[in-house]
Amino acid sequence: MSETLDLTLKVWRQPGPDASGRYVEYKLTEISTHMSFLEMLDVLNEQLNEKGEEMVAFDHDCREGICGMCSLMINGQAHGPDSGTTTCQLHMRRFKNGDTIVVEPWRARAFPVLRDLVVDRSAFDRIIQEGGFISANTGSAPDANSVPIPAPVQETAMDAAACIGCGACVAACKNASAMLFVSAKVSHLSTLPQGKPERDSRVQSMVAQMDLEGFGNCTNTEECQAACPAEISVSNIARLNREFLRAQLCSKE
Amino acid sequence: MVTKLAEKQQSSPSTGGKSATKWIMTLLSSSIGQKFVMGITGLLLCGFLVVHLAGNLLVYVGADAYNGYADKLHSMMLLPVAETGLFLLLFAHMALAFKLTRDNERARHISYQEPQSKIEEKPSVFSQTPMGNTSGWMFLSGSIILGFLVWHMIDMKLQLNPTVDYDGKKPYGIIVDVLGSYISAPIYIVGTIVLGFHLSHGFSSAFQSLGLNHPKYTPLIKKLAIIFALVIAVGFVSLPLWGFFIR
């Protein structure tokens with residue numbers, strides 16, 4: 001038999017991008033501790049729907065912790081109190097009976113609120129469009145082991161590639177900086193042989209777009225690393241800085 | 001977008017004066033480039049602190065040693081050049097601090113109700129700033145240091161401290177009076193303690209901004225930053241305490 005919780009939710013409600021928002025309190029009773037945080041919000045929405053009220057809009061997709069779609073600032077922490085996990089993998093057993101939970105959207109000028117808890121993260125897409133890819137000739141797949149990649153390099157690239165682009169780094173940073181995201185993408189691609197041909201132009205274009213989108217600067221408080229569900233390291237930010245300097249000094253541009 | 005990148009790569013190498021400096025402008029106007037400048041100026045100012053502290057610790061050796069050092073320093077031909085360089089470093093560091101802080105406040109235009117850190121173990125209480133829409137601890141500590149430096153200039157450069165009699169005194173006599181001044185001593189003590197906290201984050205942060213982060217040496221740099229901050233703060237704080245004691 002599972003325990004149940006009675007909770008008070010303080011949820012940010014905002015009808016549209018240009019509308020002003022406010023916190024609205026909701027009381028929930030008999031919430032199972034087995035529920036995920038998003039399932040708890042589903043229960044809230046069902047109750048709101050029954051009463052004929054507008055439901056709370058929030059982003060979610062896979063609910064398996066891998067897609068990067070869910071967000072939410074829960075009691076002032078990106079993806080809630082657990083480390084290395086997303087909101088959809090946060091369970092209600094982490095809370096106590098009678099708790100008040102404040103639920104806010106990501107706050108950043110570059111991530112404008114669309115509605116309630118949903119923010120527009122297309123700034124990340126535009127950064128990816130500027131260089132977060134490789135240009136390869138299509139055709140038959142190359143022979144296995146024809147491109148040797150040392151294991152430590154592969155590890156570095158794969159650790160960086162774990163980024164799911166959820167934006168928790170931006171949300172947790174006091175400056176709303178996107179450095180951890182951009183550094184993960186740059187590290188992932190520029191350390192592998194397939195990414196080397198566009199190494200310089202990639203970092204230059206992606207950093208230029210990052211600045212254009214209005215993200216803040218990195219002040220090395222390392223809050224992003226602590227908030228990241230994919231546990232991306234700030235050593236990637238140092239690599240981004242190196243890659244950027246190298247591109248400025250060594251490329252033709 | 002692929003074609004856009006390909007076009008960029010195929011474009012001919014830049015020649016001529018205008019485009020030869022373009023990359024510098026791109027570097028200096030980018031967020032990362034500005035952090036480079038912040039880090040480099042910060043580290044160079046750290047170098048100055050070491051020299052300045054070493055020179056000032058000569059007061060413990062005696063009046064002759066201190067006066068000899070001061071006279072030799074002031075008779076150096078290149079001193080005005082070095083001073084100008086120092087002011088330029090400080091100015092660049094400050095101007096960028098204002099600019100970056102303003103950018104950062106704009107980037108987080110709405111703050112959270114009660115932001116909470118997810119960092120479990122903070123390396124130093126003061127090296128991390130609480131999240132939120134504040135300008136941050138480094139800006140605050142930097143501002144306090146600036147206030148202290150302004151008073152330091154009034155004391156030593158302009159020689160306008162009302163509690164100090166500057167007439168006909170050798171450098172050692174002036175420094176003893178200034179350090180023992182009931183206006184200057186508290187300002188110096190607070191200023192240099194805050195400077196220590198500023199350095200405890202700034203010193204290691206500069207290396208990260210310059211791209212120097214590696215499991216081999218980053219833990220060492222972080223420890224070194226704390227030791228450096230302690231040495232500088234304790235060294236400088238000892239001076240007004242000593243000045244007050246011998247008064």
# chains A, B, ... in the order shown; residues from 1 in each chain; ligands from 1

call {"tool": "interface_residues", "arguments": {"of": "chain A", "to": "chain B", "cutoff": "8 Å", "atoms": "only C-alpha atoms", "output": "VMD selection string"}}
result
chain A and resid 75 to 77 81 83 104 107 to 110 129 to 131 135 172 to 177 201 207 to 208 211 214 to 223 226 to 227 235 237 to 242 244 to 245 248 252 to 253

call {"tool": "select_by_dssp", "arguments": {"residues": "segment 3-244 of chain B", "states": "alpha helix (DSSP H)", "output": "MDAnalysis selection string"}}
result
chainID B and resid 3:10 17:20 22:29 31:56 63:74 79:107 137:156 171:180 184:209 218:244

call {"tool": "atom_distance", "arguments": {"atom1": "atom CA of Leu195 of chain B", "atom2": "atom CA of Ile226 of chain B"}}
result
12.0 Å

call {"tool": "residues_around", "arguments": {"residues": "segment 21-26 of chain A", "least_positions_apart": "4", "cutoff": "8 Å", "atoms": "only C-alpha atoms", "output": "list in words"}}
result
Thr8, Leu9, Lys10, Val11, Trp12, Arg13, Gln14, Pro15 and Asp116 of chain A

call {"tool": "residues_around", "arguments": {"residues": "Pro240 of chain B", "least_positions_apart": "6", "cutoff": "10 Å", "atoms": "only C-alpha atoms", "output": "PyMOL selection string"}}
result
chain B and resi 175-182+184-189+246

call {"tool": "residues_around", "arguments": {"residues": "Met69 of chain A", "least_positions_apart": "5", "cutoff": "7 Å", "atoms": "only C-alpha atoms", "output": "PyMOL selection string"}}
result
chain A and resi 59-61+166

call {"tool": "closest_residue", "arguments": {"among": "A:Asn137, A:Thr87, A:Thr33, A:Ser183", "to": "Gln204 of chain A", "atoms": "only C-alpha atoms"}}
result
A:Ser183

call {"tool": "select_by_dssp", "arguments": {"residues": "segment 65-240 of chain A", "states": "strand (DSSP E or B)", "output": "list of chain:residue names"}}
result
A:Met73, A:Ile74, A:Gln77, A:Ala78, A:His91, A:Thr100, A:Ile101, A:Val102, A:Val103, A:Glu104, A:Ala108, A:Phe111, A:Val113, A:Leu114, A:Arg115, A:Val118, A:Val119, A:Ser177, A:Gly216

call {"tool": "write_last_selection", "arguments": {"atoms": "N, CA and C atoms", "output": "PDB file, in the first residue's frame"}}
result
ATOM      1  N   MET A  73      10.989  24.553 -12.921  1.00  0.00           N
ATOM      2  CA  MET A  73      11.770  24.954 -11.763  1.00  0.00           C
ATOM      3  C   MET A  73      10.925  24.579 -10.555  1.00  0.00           C
ATOM      4  N   ILE A  74      11.352  23.582  -9.805  1.00  0.00           N
ATOM      5  CA  ILE A  74      10.564  23.058  -8.683  1.00  0.00           C
ATOM      6  C   ILE A  74      11.228  23.490  -7.381  1.00  0.00           C
ATOM      7  N   GLN A  77      14.645  24.829  -7.925  1.00  0.00           N
ATOM      8  CA  GLN A  77      15.688  23.969  -8.475  1.00  0.00           C
ATOM      9  C   GLN A  77      15.243  23.412  -9.824  1.00  0.00           C
ATOM     10  N   ALA A  78      16.145  23.490 -10.810  1.00  0.00           N
ATOM     11  CA  ALA A  78      15.821  23.003 -12.144  1.00  0.00           C
ATOM     12  C   ALA A  78      15.629  21.490 -12.095  1.00  0.00           C
ATOM     13  N   HIS A  91       9.974  11.666  -8.438  1.00  0.00           N
ATOM     14  CA  HIS A  91       8.777  11.030  -7.894  1.00  0.00           C
ATOM     15  C   HIS A  91       8.302  11.734  -6.631  1.00  0.00           C
ATOM     16  N   THR A 100       4.502  22.609   0.598  1.00  0.00           N
ATOM     17  CA  THR A 100       4.103  23.558  -0.439  1.00  0.00           C
ATOM     18  C   THR A 100       5.166  23.513  -1.531  1.00  0.00           C
ATOM     19  N   ILE A 101       4.751  23.284  -2.759  1.00  0.00           N
ATOM     20  CA  ILE A 101       5.708  23.166  -3.867  1.00  0.00           C
ATOM     21  C   ILE A 101       5.490  24.326  -4.842  1.00  0.00           C
ATOM     22  N   VAL A 102       6.552  25.106  -5.064  1.00  0.00           N
ATOM     23  CA  VAL A 102       6.483  26.208  -6.019  1.00  0.00           C
ATOM     24  C   VAL A 102       6.948  25.708  -7.376  1.00  0.00           C
ATOM     25  N   VAL A 103       6.104  25.869  -8.395  1.00  0.00           N
ATOM     26  CA  VAL A 103       6.448  25.401  -9.737  1.00  0.00           C
ATOM     27  C   VAL A 103       6.509  26.597 -10.686  1.00  0.00           C
ATOM     28  N   GLU A 104       7.705  26.813 -11.255  1.00  0.00           N
ATOM     29  CA  GLU A 104       7.911  27.972 -12.134  1.00  0.00           C
ATOM     30  C   GLU A 104       8.458  27.500 -13.479  1.00  0.00           C
ATOM     31  N   ALA A 108      14.420  33.002 -18.478  1.00  0.00           N
ATOM     32  CA  ALA A 108      15.537  33.577 -19.233  1.00  0.00           C
ATOM     33  C   ALA A 108      14.946  34.426 -20.342  1.00  0.00           C
ATOM     34  N   PHE A 111      14.499  32.510 -23.363  1.00  0.00           N
ATOM     35  CA  PHE A 111      13.459  31.469 -23.312  1.00  0.00           C
ATOM     36  C   PHE A 111      12.127  32.106 -22.904  1.00  0.00           C
ATOM     37  N   VAL A 113       8.328  32.879 -22.025  1.00  0.00           N
ATOM     38  CA  VAL A 113       7.209  32.012 -21.623  1.00  0.00           C
ATOM     39  C   VAL A 113       6.135  32.067 -22.706  1.00  0.00           C
ATOM     40  N   LEU A 114       5.695  30.899 -23.167  1.00  0.00           N
ATOM     41  CA  LEU A 114       4.612  30.850 -24.148  1.00  0.00           C
ATOM     42  C   LEU A 114       3.265  30.793 -23.436  1.00  0.00           C
ATOM     43  N   ARG A 115       3.216  29.933 -22.420  1.00  0.00           N
ATOM     44  CA  ARG A 115       1.988  29.780 -21.652  1.00  0.00           C
ATOM     45  C   ARG A 115       2.302  29.012 -20.366  1.00  0.00           C
ATOM     46  N   VAL A 118       5.267  26.570 -19.962  1.00  0.00           N
ATOM     47  CA  VAL A 118       5.896  26.237 -21.249  1.00  0.00           C
ATOM     48  C   VAL A 118       6.712  27.423 -21.732  1.00  0.00           C
ATOM     49  N   VAL A 119       7.985  27.182 -22.009  1.00  0.00           N
ATOM     50  CA  VAL A 119       8.821  28.251 -22.573  1.00  0.00           C
ATOM     51  C   VAL A 119       9.278  27.868 -23.972  1.00  0.00           C
ATOM     52  N   SER A 177      22.993  31.808 -18.665  1.00  0.00           N
ATOM     53  CA  SER A 177      23.992  31.574 -19.708  1.00  0.00           C
ATOM     54  C   SER A 177      23.792  30.202 -20.335  1.00  0.00           C
ATOM     55  N   GLY A 216      23.137  34.997 -21.077  1.00  0.00           N
ATOM     56  CA  GLY A 216      24.129  35.716 -20.278  1.00  0.00           C
ATOM     57  C   GLY A 216      25.521  35.136 -20.444  1.00  0.00           C
TER      58      GLY A 216
END

call {"tool": "closest_residue", "arguments": {"among": "B:Ala97, B:Ala92, B:Val194, B:Met77", "to": "Leu230 of chain B", "atoms": "only C-alpha atoms"}}
result
B:Val194

call {"tool": "residues_around", "arguments": {"residues": "segment 59-67 of chain B", "least_positions_apart": "5", "cutoff": "8 Å", "atoms": "only C-alpha atoms", "output": "VMD selection string"}}
result
chain B and resid 170 to 172

call {"tool": "write_last_selection", "arguments": {"atoms": "C-alpha atoms", "output": "compact mmCIF listing (two decimals), in the first residue's frame"}}
result
# COMPACT_ATOMS: atom_id res chain seq x y z
CA LYS B 170 59.88 59.93 4.56
CA PRO B 171 57.77 57.11 3.02
CA TYR B 172 58.14 55.02 6.19

call {"tool": "residues_around", "arguments": {"residues": "Asp42 of chain A", "least_positions_apart": "6", "cutoff": "10 Å", "atoms": "only C-alpha atoms", "output": "list in words"}}
result
Ser36, Leu48, Met55, Val56 and Phe58 of chain A

call {"tool": "write_last_selection", "arguments": {"atoms": "C-alpha atoms", "output": "tab-separated table (two decimals), in the first residue's frame"}}
result
chain	number	residue	atom	x	y	z
A	36	SER	CA	5.94	10.99	-10.93
A	48	LEU	CA	-9.19	21.59	-13.18
A	55	MET	CA	-5.55	23.39	-17.38
A	56	VAL	CA	-1.91	24.08	-16.54
A	58	PHE	CA	3.61	22.17	-19.24

call {"tool": "decode", "arguments": {"residues": "segment 110-122 of chain B", "atoms": "N, CA and C atoms", "output": "short mmCIF file (atom, residue, chain, number, x, y, z; two decimals), in the first residue's frame"}}
result
data_model
loop_
_atom_site.label_atom_id
_atom_site.label_comp_id
_atom_site.auth_asym_id
_atom_site.auth_seq_id
_atom_site.Cartn_x
_atom_site.Cartn_y
_atom_site.Cartn_z
N ILE B 110 13.57 38.12 -15.18
CA ILE B 110 12.61 37.81 -14.11
C ILE B 110 13.28 36.79 -13.20
N SER B 111 13.28 37.06 -11.90
CA SER B 111 13.96 36.12 -11.01
C SER B 111 12.98 35.08 -10.47
N TYR B 112 13.55 34.02 -9.93
CA TYR B 112 12.74 32.96 -9.33
C TYR B 112 12.31 33.39 -7.94
N GLN B 113 11.28 32.72 -7.43
CA GLN B 113 10.80 33.04 -6.08
C GLN B 113 11.88 32.79 -5.04
N GLU B 114 12.34 31.54 -4.98
CA GLU B 114 13.41 31.20 -4.04
C GLU B 114 14.38 30.24 -4.69
N PRO B 115 15.30 30.76 -5.50
CA PRO B 115 16.24 29.86 -6.17
C PRO B 115 17.12 29.13 -5.16
N GLN B 116 17.35 27.86 -5.41
CA GLN B 116 18.20 27.07 -4.51
C GLN B 116 19.31 26.40 -5.29
N SER B 117 20.50 26.44 -4.74
CA SER B 117 21.64 25.81 -5.41
C SER B 117 21.50 24.29 -5.35
N LYS B 118 21.98 23.63 -6.40
CA LYS B 118 22.02 22.16 -6.39
C LYS B 118 23.45 21.66 -6.17
N ILE B 119 24.37 22.59 -5.93
CA ILE B 119 25.75 22.18 -5.66
C ILE B 119 25.81 21.66 -4.24
N GLU B 120 26.25 20.40 -4.10
CA GLU B 120 26.21 19.78 -2.77
C GLU B 120 27.32 20.30 -1.87
N GLU B 121 28.54 20.29 -2.41
CA GLU B 121 29.65 20.77 -1.60
C GLU B 121 30.29 21.95 -2.29
N LYS B 122 30.16 23.10 -1.68
CA LYS B 122 30.76 24.28 -2.28
C LYS B 122 32.22 24.35 -1.85
#
